[in-house]
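Participant: Sharing upload-v4.cif (mmCIF, C-alpha atoms) below.
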data_entry
#
loop_
_atom_site.label_atom_id
_atom_site.label_comp_id
_atom_site.auth_asym_id
_atom_site.auth_seq_id
_atom_site.Cartn_x
_atom_site.Cartn_y
_atom_site.Cartn_z
CA MET Y 156 86.77 65.03 88.37
CA GLU Y 157 86.33 67.13 85.20
CA SER Y 158 88.03 65.71 82.12
CA ILE Y 159 88.93 66.96 78.64
CA SER Y 160 90.13 65.38 75.41
CA CYS Y 161 93.83 65.59 74.42
CA ASN Y 162 94.19 67.60 71.20
CA ASN Y 163 97.00 65.33 70.03
CA CYS Y 164 95.84 61.72 70.71
CA LYS Y 165 92.16 62.43 71.60
CA GLU Y 166 92.44 60.35 74.80
CA THR Y 167 90.40 61.53 77.82
CA ILE Y 168 92.56 63.35 80.41
CA LEU Y 169 91.98 65.18 83.69
CA VAL Y 170 91.38 68.91 83.17
CA ASP Y 171 94.26 69.98 85.49
CA SER Y 172 96.84 67.73 83.80
CA ALA Y 173 99.99 69.45 82.58
CA PHE Y 174 100.88 66.57 80.24
CA CYS Y 175 98.82 63.93 78.44
CA PRO Y 176 99.50 60.58 80.23
CA THR Y 177 99.11 58.65 76.96
CA CYS Y 178 101.10 60.59 74.34
CA GLY Y 179 103.10 62.99 76.61
CA SER Y 180 101.82 66.07 74.76
CA ASN Y 181 102.66 69.30 76.65
CA LEU Y 182 99.33 70.91 77.56
CA ILE Y 183 100.98 73.95 79.23
CA LYS Y 184 102.62 74.85 75.92
CA LYS Y 185 99.18 75.01 74.29
CA LYS Y 186 97.88 77.14 77.16
CA ARG Y 187 100.89 79.46 76.70
CA THR Y 188 100.20 79.74 72.96
CA ASN Y 189 96.57 80.71 73.74
CA SER Y 190 97.83 83.24 76.26
CA GLU Y 191 100.22 84.74 73.68
CA GLY Y 192 97.31 84.99 71.24
CA ASN Y 193 95.33 86.93 73.85
CA LEU Y 194 98.29 89.27 74.47
CA ASN Y 195 98.59 89.90 70.71
CA SER Y 196 94.85 90.66 70.53
CA ILE Y 197 95.09 93.09 73.49
CA ILE Y 198 97.99 94.99 71.89
CA PHE Y 199 96.38 95.01 68.43
CA PHE Y 200 93.02 96.19 69.80
CA TYR Y 201 94.52 98.94 71.97
CA VAL Y 202 96.87 100.21 69.24
CA SER Y 203 93.95 100.24 66.75
CA ILE Y 204 91.92 102.45 69.12
CA VAL Y 205 94.86 104.79 69.83
CA VAL Y 206 95.68 105.18 66.11
CA PHE Y 207 92.00 105.80 65.34
CA ILE Y 208 91.79 108.52 68.02
CA ALA Y 209 94.97 110.10 66.60
CA ILE Y 210 93.33 110.18 63.14
CA THR Y 211 90.21 111.84 64.61
CA TYR Y 212 92.43 114.66 65.95
CA PHE Y 213 93.57 115.48 62.42
CA VAL Y 214 90.01 115.13 61.04
CA ASN Y 215 88.59 117.43 63.75
CA GLU Y 216 91.34 119.97 63.09
CA ASN Y 217 90.52 120.12 59.36
CA TYR Y 218 86.74 119.69 59.54
CA GLN Y 219 85.61 121.82 62.47
CA GLU Y 220 81.86 122.16 62.96
CA ASN Y 221 81.18 119.52 60.33
CA PHE Y 222 78.26 117.21 61.07
CA LEU Y 223 79.28 114.57 58.51
CA ALA Y 224 82.79 114.36 60.00
CA GLU Y 225 81.29 113.95 63.48
CA VAL Y 226 78.96 111.16 62.31
CA LEU Y 227 81.75 109.39 60.41
CA ILE Y 228 84.10 109.50 63.41
CA GLU Y 229 81.49 108.09 65.78
CA GLY Y 230 80.37 105.55 63.17
CA PHE Y 231 83.88 104.26 62.49
CA PHE Y 232 84.66 104.05 66.21
CA ALA Y 233 81.50 102.00 66.77
CA LEU Y 234 82.36 99.81 63.77
CA ILE Y 235 85.89 99.09 65.05
CA ILE Y 236 84.59 98.10 68.50
CA LEU Y 237 81.80 95.96 67.03
CA LEU Y 238 84.19 94.20 64.63
CA PHE Y 239 86.56 93.28 67.46
CA SER Y 240 83.61 92.21 69.62
CA LEU Y 241 82.55 89.73 66.93
CA PHE Y 242 85.62 87.65 67.81
CA ASP Y 243 84.30 87.26 71.36
CA LEU Y 244 80.59 87.43 70.60
CA LYS Y 245 79.34 84.77 73.02
CA GLU Y 246 81.13 86.31 76.02
CA ILE Y 247 80.13 89.84 74.99
CA ILE Y 248 76.42 89.02 74.61
CA ALA Y 249 76.47 87.50 78.11
CA LEU Y 250 77.48 90.95 79.46
CA TYR Y 251 74.15 92.48 78.40
CA ARG Y 252 72.03 90.58 80.90
CA PHE Y 253 70.39 92.29 83.88
CA PRO Y 254 71.71 90.76 87.09
CA LYS Y 255 70.25 91.13 90.57
CA ILE Y 256 71.98 94.13 92.11
CA SER Y 257 72.25 95.10 95.77
CA ILE Y 258 70.58 98.34 96.92
CA ARG Y 259 74.00 99.67 97.96
CA ASP Y 260 75.31 99.24 94.40
CA TYR Y 261 72.15 100.77 92.91
CA LEU Y 262 72.75 103.84 95.07
CA LEU Y 263 76.44 103.77 94.07
CA THR Y 264 75.41 103.61 90.39
CA PHE Y 265 73.08 106.62 90.56
CA PHE Y 266 74.81 108.89 93.07
CA THR Y 267 78.51 108.40 92.24
CA PRO Y 268 78.25 109.89 88.72
CA ILE Y 269 76.37 112.91 90.12
CA PHE Y 270 79.25 113.46 92.53
CA THR Y 271 81.99 112.78 89.94
CA GLY Y 272 80.22 114.87 87.27
CA VAL Y 273 80.01 117.97 89.49
CA THR Y 274 83.43 117.47 91.12
CA VAL Y 275 85.25 116.83 87.86
CA TYR Y 276 83.50 119.78 86.21
CA ILE Y 277 84.54 122.19 88.96
CA GLY Y 278 88.02 120.63 89.23
CA VAL Y 279 88.75 120.65 85.50
CA GLU Y 280 87.41 124.20 85.16
CA PHE Y 281 89.70 125.27 87.99
CA ILE Y 282 92.74 123.51 86.49
CA ASN Y 283 92.00 124.94 83.03
CA LYS Y 284 91.77 128.44 84.49
CA VAL Y 285 95.16 127.99 86.18
CA VAL Y 286 96.94 126.13 83.37
CA ASP Y 287 95.39 127.43 80.15
CA PRO Y 288 92.80 130.20 80.78
CA ASP Y 289 92.39 131.06 77.05
CA ASN Y 290 91.67 127.50 75.95
CA SER Y 291 88.75 126.40 78.12
CA ILE Y 292 86.46 124.07 76.11
CA ASN Y 293 82.69 124.14 76.50
CA THR Y 294 81.29 120.79 75.29
CA TYR Y 295 77.80 122.19 74.68
CA ALA Y 296 79.17 125.13 72.66
CA GLN Y 297 80.80 122.66 70.22
CA TYR Y 298 77.33 121.76 68.91
CA LEU Y 299 76.01 125.30 68.51
CA TYR Y 300 76.40 125.09 64.74
CA LEU Y 301 73.58 122.50 64.71
CA GLU Y 302 69.85 123.22 64.99
CA HIS Y 303 69.27 121.48 68.32
CA PRO Y 304 72.67 121.71 70.03
CA LEU Y 305 71.59 120.24 73.38
CA ALA Y 306 69.91 117.20 71.77
CA TRP Y 307 72.95 116.52 69.55
CA GLY Y 308 75.25 117.10 72.51
CA ILE Y 309 73.34 114.50 74.52
CA PHE Y 310 73.53 112.06 71.60
CA PHE Y 311 77.26 112.51 70.87
CA VAL Y 312 78.50 113.04 74.44
CA ALA Y 313 76.13 111.28 76.83
CA ILE Y 314 74.68 108.38 74.79
CA LEU Y 315 77.25 107.10 72.26
CA PRO Y 316 80.47 107.10 74.36
CA PRO Y 317 78.99 105.11 77.29
CA ILE Y 318 77.69 102.44 74.90
CA PHE Y 319 80.85 101.91 72.85
CA GLU Y 320 83.57 102.85 75.37
CA GLU Y 321 82.06 100.45 77.92
CA LEU Y 322 81.86 97.73 75.27
CA ALA Y 323 85.50 98.40 74.32
CA PHE Y 324 87.09 98.65 77.79
CA ARG Y 325 84.78 96.81 80.21
CA GLY Y 326 83.68 94.37 77.51
CA TYR Y 327 86.18 93.19 74.90
CA LEU Y 328 89.43 94.35 76.57
CA PHE Y 329 88.28 93.26 80.04
CA ASN Y 330 87.48 89.74 78.77
CA LEU Y 331 90.87 89.41 77.06
CA LEU Y 332 92.82 90.67 80.06
CA LYS Y 333 90.94 88.39 82.43
CA ARG Y 334 92.20 85.43 80.38
CA VAL Y 335 95.83 86.39 80.98
CA THR Y 336 95.71 87.79 84.52
CA ASN Y 337 93.50 87.93 87.63
CA ALA Y 338 90.43 90.14 88.17
CA ARG Y 339 92.27 92.72 90.32
CA ASN Y 340 94.99 93.34 87.72
CA THR Y 341 92.37 93.38 84.95
CA ILE Y 342 90.43 96.16 86.71
CA ILE Y 343 93.61 98.19 87.28
CA ALA Y 344 94.89 97.73 83.70
CA THR Y 345 91.57 98.50 81.96
CA SER Y 346 91.09 101.61 84.16
CA PHE Y 347 94.57 102.87 83.36
CA LEU Y 348 94.27 102.22 79.62
CA PHE Y 349 90.79 103.81 79.63
CA ALA Y 350 92.31 106.93 81.24
CA LEU Y 351 95.22 106.89 78.81
CA VAL Y 352 93.11 106.90 75.61
CA HIS Y 353 91.56 110.20 76.68
CA PHE Y 354 94.95 111.71 75.74
CA SER Y 355 94.94 114.12 78.69
CA PHE Y 356 97.49 113.79 81.46
CA ILE Y 357 95.37 115.82 83.87
CA SER Y 358 92.37 113.56 83.20
CA ILE Y 359 94.33 110.47 84.30
CA ILE Y 360 93.98 111.74 87.88
CA TRP Y 361 90.17 111.36 87.85
CA ILE Y 362 89.45 108.93 84.97
CA PHE Y 363 91.65 106.24 86.54
CA PRO Y 364 89.66 106.00 89.83
CA PHE Y 365 86.42 106.42 87.81
CA GLY Y 366 87.51 103.43 85.69
CA LEU Y 367 88.30 101.44 88.84
CA LEU Y 368 84.68 101.84 89.97
CA LEU Y 369 83.35 100.84 86.54
CA GLY Y 370 85.71 97.84 86.45
CA TYR Y 371 84.75 96.79 89.99
CA LEU Y 372 81.03 96.76 89.13
CA ARG Y 373 81.66 95.03 85.78
CA ASN Y 374 83.62 92.30 87.55
CA LYS Y 375 81.15 91.94 90.42
CA TYR Y 376 78.00 91.62 88.31
CA ASN Y 377 79.39 90.55 84.91
CA THR Y 378 77.30 93.18 83.18
CA LEU Y 379 77.97 96.34 81.16
CA TRP Y 380 74.69 98.03 82.14
CA LEU Y 381 75.93 99.56 85.40
CA GLY Y 382 79.02 101.00 83.69
CA MET Y 383 76.90 102.41 80.89
CA ILE Y 384 74.45 104.04 83.35
CA ILE Y 385 77.26 105.60 85.44
CA HIS Y 386 79.10 106.76 82.32
CA PHE Y 387 75.87 108.21 80.86
CA ILE Y 388 74.90 110.13 84.03
CA HIS Y 389 78.46 111.47 84.45
CA ASN Y 390 78.75 112.69 80.84
CA LEU Y 391 75.19 114.09 80.92
CA ILE Y 392 75.91 116.13 84.07
CA VAL Y 393 79.12 117.56 82.61
CA LEU Y 394 77.24 118.47 79.40
CA LEU Y 395 74.29 120.03 81.30
CA LEU Y 396 76.66 122.06 83.47
CA ASP Y 397 78.33 123.32 80.29
CA TYR Y 398 74.85 124.13 78.92
CA PHE Y 399 73.91 126.17 82.00
CA VAL Y 400 77.30 127.87 82.23
CA PHE Y 401 77.08 128.81 78.53
CA ASN Y 402 73.50 130.12 78.66
CA PHE Y 403 73.55 131.83 82.04
CA THR Y 404 77.15 132.97 82.32
CA ILE Y 405 78.74 133.33 78.88
CA VAL Y 406 75.60 134.45 76.97
CA GLY Y 407 74.23 136.32 80.02
CA THR Y 408 77.31 138.52 80.26
CA MET E 15 102.71 50.57 105.38
CA GLU E 16 100.93 48.75 102.57
CA GLU E 17 99.17 52.02 101.67
CA ASN E 18 102.51 53.91 101.57
CA GLN E 19 103.99 51.30 99.28
CA SER E 20 101.00 51.59 96.96
CA THR E 21 101.35 55.41 96.86
CA ASN E 22 105.05 55.08 96.00
CA GLU E 23 104.28 52.63 93.24
CA ASN E 24 101.79 55.07 91.73
CA SER E 25 104.12 58.05 92.04
CA CYS E 26 106.33 59.46 89.31
CA SER E 27 109.98 58.58 89.96
CA PHE E 28 111.02 62.04 88.72
CA CYS E 29 108.61 64.56 90.36
CA LYS E 30 107.36 62.19 93.12
CA LYS E 31 103.74 63.22 92.50
CA GLU E 32 100.96 60.67 92.18
CA MET E 33 100.29 59.75 88.55
CA THR E 34 96.77 59.67 87.13
CA PRO E 35 96.05 57.05 85.87
CA PRO E 36 98.68 55.02 87.81
CA ASP E 37 99.63 52.84 84.79
CA ALA E 38 100.06 55.81 82.40
CA ILE E 39 103.06 55.98 80.08
CA PHE E 40 103.72 59.65 80.90
CA CYS E 41 103.38 61.46 84.25
CA ASN E 42 100.49 63.93 83.93
CA HIS E 43 102.35 66.47 86.15
CA CYS E 44 105.87 66.65 84.68
CA GLY E 45 105.61 64.59 81.46
CA HIS E 46 108.26 62.08 82.60
CA PRO E 47 107.89 58.82 80.56
CA GLU E 48 107.58 56.61 83.65
CA ASN E 49 106.57 53.56 81.62
CA GLY E 50 108.05 54.77 78.33
CA THR E 51 111.03 53.74 76.19
CA ASP E 52 114.68 54.77 76.73
CA GLN E 53 114.42 57.07 73.71
CA GLN E 54 111.40 58.85 75.26
CA ARG E 55 113.37 59.27 78.53
CA ALA E 56 116.33 60.76 76.65
CA GLN E 57 114.01 63.18 74.85
CA PHE E 58 112.41 64.19 78.17
CA PHE E 59 115.75 65.12 79.78
CA ALA E 60 116.96 66.91 76.64
CA LYS E 61 113.75 69.02 76.58
CA ARG E 62 114.12 69.87 80.27
CA ALA E 63 117.70 71.08 79.71
CA VAL E 64 116.52 73.33 76.85
CA ASN E 65 113.61 74.66 78.95
CA LYS E 66 115.95 75.46 81.85
CA THR E 67 118.12 77.57 79.53
CA LYS E 68 114.97 79.28 78.17
CA HIS E 69 113.81 80.03 81.72
CA ILE E 70 117.13 81.71 82.61
CA ASP E 71 116.96 83.65 79.33
CA ALA E 72 113.36 84.74 80.12
CA GLY E 73 114.48 86.05 83.52
CA LYS E 74 117.16 88.19 81.82
CA LYS E 75 114.64 89.57 79.31
CA ILE E 76 112.19 90.49 82.09
CA LYS E 77 115.00 92.24 83.97
CA SER E 78 116.01 94.19 80.84
CA ALA E 79 112.38 95.26 80.30
CA ARG E 80 112.11 96.35 83.96
CA ASN E 81 115.32 98.37 83.62
CA THR E 82 113.85 99.97 80.47
CA LEU E 83 110.88 101.18 82.56
CA PHE E 84 113.23 102.65 85.18
CA ILE E 85 115.39 104.30 82.50
CA LEU E 86 112.29 105.81 80.83
CA SER E 87 111.18 107.10 84.21
CA GLY E 88 114.57 108.73 84.81
CA ILE E 89 114.82 110.24 81.32
CA LEU E 90 111.30 111.74 81.48
CA GLY E 91 111.94 113.18 84.95
CA VAL E 92 115.25 114.79 83.97
CA PHE E 93 113.85 115.97 80.60
CA GLY E 94 110.89 117.55 82.40
CA PHE E 95 113.19 119.62 84.64
CA PHE E 96 115.39 120.51 81.66
CA LEU E 97 112.36 121.83 79.76
CA TYR E 98 111.12 123.68 82.83
CA PHE E 99 114.42 125.49 83.33
CA THR E 100 114.69 126.39 79.62
CA THR E 101 111.04 127.29 78.85
CA ASN E 102 109.60 127.89 82.34
CA ASP E 103 106.63 125.69 81.35
CA ILE E 104 105.14 124.22 84.54
CA VAL E 105 102.52 122.15 82.63
CA THR E 106 105.17 120.22 80.67
CA LEU E 107 107.09 119.63 83.90
CA GLY E 108 103.92 118.32 85.60
CA ALA E 109 103.09 115.99 82.67
CA ASN E 110 106.68 114.67 82.53
CA LEU E 111 106.80 114.05 86.27
CA LEU E 112 103.43 112.27 86.20
CA ILE E 113 104.52 109.91 83.39
CA SER E 114 107.91 109.46 85.06
CA PHE E 115 106.14 108.44 88.28
CA ILE E 116 103.89 106.00 86.38
CA TYR E 117 106.92 104.33 84.73
CA LEU E 118 108.62 104.11 88.13
CA ALA E 119 105.50 102.53 89.69
CA LEU E 120 105.25 100.07 86.77
CA GLY E 121 108.93 99.19 87.21
CA PHE E 122 108.36 98.27 90.85
CA TRP E 123 105.06 96.53 90.05
CA SER E 124 106.88 94.41 87.45
CA LYS E 125 108.81 92.80 90.32
CA GLU E 126 105.51 91.40 91.63
CA LYS E 127 103.45 91.06 88.43
CA PRO E 128 105.87 91.31 85.47
CA MET E 129 103.41 90.35 82.73
CA ILE E 130 100.68 92.91 83.41
CA ALA E 131 103.12 95.69 84.44
CA LEU E 132 105.16 95.26 81.24
CA LEU E 133 102.00 95.11 79.11
CA VAL E 134 100.76 98.41 80.59
CA GLY E 135 104.28 99.88 80.25
CA LEU E 136 104.46 98.92 76.57
CA LEU E 137 100.98 100.32 75.82
CA LEU E 138 101.81 103.53 77.72
CA TYR E 139 104.96 103.95 75.64
CA LEU E 140 103.07 103.36 72.36
CA THR E 141 100.40 105.90 73.43
CA LEU E 142 103.07 108.51 74.17
CA VAL E 143 104.63 107.93 70.74
CA VAL E 144 101.21 108.52 69.12
CA ILE E 145 100.47 111.63 71.27
CA SER E 146 103.87 113.10 70.33
CA ALA E 147 103.08 112.38 66.65
CA ILE E 148 99.79 114.30 66.97
CA VAL E 149 101.61 117.34 68.39
CA ASP E 150 104.50 117.04 65.92
CA PRO E 151 104.27 114.30 63.22
CA SER E 152 108.04 114.44 62.63
CA THR E 153 108.62 112.86 66.07
CA LEU E 154 107.34 109.59 64.60
CA TYR E 155 110.61 108.94 62.74
CA ARG E 156 112.91 111.03 64.96
CA GLY E 157 114.92 108.67 67.16
CA ILE E 158 113.21 105.71 65.48
CA LEU E 159 116.04 103.31 66.41
CA TRP E 160 115.60 104.15 70.10
CA LYS E 161 111.87 103.65 69.79
CA ILE E 162 112.33 100.24 68.15
CA LEU E 163 114.87 99.29 70.83
CA ILE E 164 112.54 100.29 73.70
CA ILE E 165 109.55 98.48 72.13
CA THR E 166 111.72 95.38 71.55
CA PHE E 167 112.96 95.31 75.16
CA LEU E 168 109.46 95.80 76.59
CA GLY E 169 107.91 93.32 74.13
CA LYS E 170 110.49 90.60 74.76
CA GLY E 171 110.12 91.06 78.52
CA LEU E 172 106.34 90.90 78.22
CA TYR E 173 106.26 87.65 76.22
CA SER E 174 108.95 86.10 78.45
CA ALA E 175 106.93 87.02 81.56
CA ASN E 176 103.89 85.41 79.95
CA ALA E 177 105.86 82.23 79.19
CA VAL E 178 107.23 82.04 82.75
CA LYS E 179 103.74 82.63 84.19
CA ASN E 180 102.34 79.67 82.26
CA GLN E 181 105.15 77.29 83.14
#
What is this file in structure tokens?
Facilitator:
Amino acid sequence: MESISCNNCKETILVDSAFCPTCGSNLIKKKRTNSEGNLNSIIFFYVSIVVFIAITYFVNENYQENFLAEVLIEGFFALIILLFSLFDLKEIIALYRFPKISIRDYLLTFFTPIFTGVTVYIGVEFINKVVDPDNSINTYAQYLYLEHPLAWGIFFVAILPPIFEELAFRGYLFNLLKRVTNARNTIIATSFLFALVHFSFISIIWIFPFGLLLGYLRNKYNTLWLGMIIHFIHNLIVLLLDYFVFNFTIVGT
Amino acid sequence: MEENQSTNENSCSFCKKEMTPPDAIFCNHCGHPENGTDQQRAQFFAKRAVNKTKHIDAGKKIKSARNTLFILSGILGVFGFFLYFTTNDIVTLGANLLISFIYLALGFWSKEKPMIALLVGLLLYLTLVVISAIVDPSTLYRGILWKILIITFLGKGLYSANAVKNQ
């Protein structure tokens, strides 16, 4: 049977013991304290992200079409995620390995984002037309002020978010939640919180199930690569559709 | 018969579970000082009495947090209809009903999994406070006492659920 050392008297005890048989030290209390520490970290991490996103709203409002503001926002977001990840470095690094993946999940990884990208694009466009026809946002058009808008769009929309959002939600947050609850609840909670930080109530409807898929694959293979690939293909398709719509519909007319 | 007797001898007289090792001072399952002093026994029963009170208290805090989720659900639902009938804004009604439904679902989920449901409920509430502040920064301090009260109820319920889960 696996044994550990009591933190109080240093005697060897069985790993599933609730109390130390030698000094009577309560081992559950220590476990609870660890669990409370994890809960505090989850709340602190999530609130930090939400507050940061709120700040970016005000920055974007005051510095529209400003390349430096865009770089600083993305840079600070990456820095926040990396700083938090340092506290769980060993577990995070382990998530960047390439596991053996079934053909079914390979197909799921490459075809699901094509489906979600097109479906979400059409669905969101439709909802925007119904709800707010004057305020439809074209992601590609947001980078027209730059010399190579499509290249910058791919960098800011398709490459950076999958890397750092996956690290934040399927990496750091997922690890913390898994320490306080089971895998099923962790997948549900990370998917919901991932949907919530997009600050769009309509988006919850599709980001939540999208997050469930990413969480399922993260949990099954203990890797962030599949999530990053799916996220990248999805964002790239939405951006390319915006590119084609802008060039062949908006500019064409 | 002889085997039964040996099992009984190795079992804790309080929780009746087999002690490992058999000659230990404290039971590794319940912490009862089986081979300890009278003072250690007295301390054990005093701690158990305190923990029992804490457990009852934790149950009350979880229930209060659950009721907070249901109340938030009700308020958002009613407020959504109120706004719809005064401004005719279908989008606000839809958003309010969606959040109201999520709070309701979290309230029911907290009966099964209180810790995770209350954690998600608390983070949802904090997100809504921040979103409201983006739309109108003055909402941050408007009704601040209510906000503190809601966060306190949800937070206390969350940490109590965590304590109960680890007991």
Participant: Do me a favour and pick out the residues of chain Y within 6 Å of chain E, using only C-alpha atoms, as a list in words.
Facilitator: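 That gives Ser172, Ala173, Phe174, Cys175, Pro176, Thr177, Gly179 and Arg187 of chain Y for chain Y.
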Participant: Run the PyMOL selection byres ((chain Y and resi 398) around 12) on the file and write out the hits as a PyMOL selection string.
Facilitator: chain Y and resi 292-299+304-306+308-309+391-397+399-406
Participant: Assuming the chain letters and numbering stay as they are in my file, what does the PyMOL selection byres ((chain E and resi 122) around 12) actually select? List them as a PyMOL selection string.
Facilitator: chain E and resi 77+79-84+87+115-121+123-128+130-132+135
Participant: Let me know the residues the PyMOL selection byres ((chain Y and resi 318) around 10) catches in the file above, as a VMD selection string.
Facilitator: chain Y and resid 233 313 to 317 319 to 323 379 to 380 382 to 384 386 to 387
Participant: Mind pulling up the distance from atom CA of Y:Phe253 to atom CA of Y:Thr336?
Facilitator: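 Atom-to-atom, atom CA of Y:Thr336 to atom CA of Y:Phe253, that is 25.7 Å.
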Participant: Which residue is closest to Y:Ile385? Choose from Y:Tyr327, Y:Tyr300, Y:Phe200, Y:Phe365 and count only C-alpha atoms.
Facilitator: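 That would be Y:Phe365, the residue with the smallest distance to Y:Ile385.
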Participant: One decimal, Å: what's the distance from atom CA of E:Leu90 over to atom CA of Y:Asn283, could you say?
Facilitator: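 It comes out at 23.4 Å.
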Participant: Just how far from atom CA of Y:Ala350 is atom CA of Y:Ile204, in Å to one decimal?
Facilitator: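 The value is 12.9 Å.
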Participant: Could you list as a list in words every residue that has an atom within 12 Å of (93.5, 86.0, 83.1), using the file's coordinates and counting only C-alpha atoms?
Facilitator: Lys186, Arg187, Asn189, Ser190, Glu191, Asn193, Leu194, Leu328, Phe329, Asn330, Leu331, Leu332, Lys333, Arg334, Val335, Thr336, Asn337, Ala338, Arg339, Asn340, Thr341, Ile342 and Ala344 of chain Y; Met129, Ile130, Asn176, Lys179 and Asn180 of chain E
Participant: For a cutoff of 10 Å around the file-coordinate point (96.5, 119.2, 79.7), which residues qualify once you count all atoms listed in the file? I'd like the result as a list in words.
Facilitator: Val279, Ile282, Asn283, Val286, Asp287, Phe354, Ser355, Phe356, Ile357 and Ser358 of chain Y; Val105, Thr106, Gly108 and Ala109 of chain E
Participant: Considering only C-alpha atoms, can you say which of Y:Thr264, Y:Ser158, Y:Ser240, Y:Asn390 comes closest to Y:Tyr276?
Facilitator: Y:Asn390
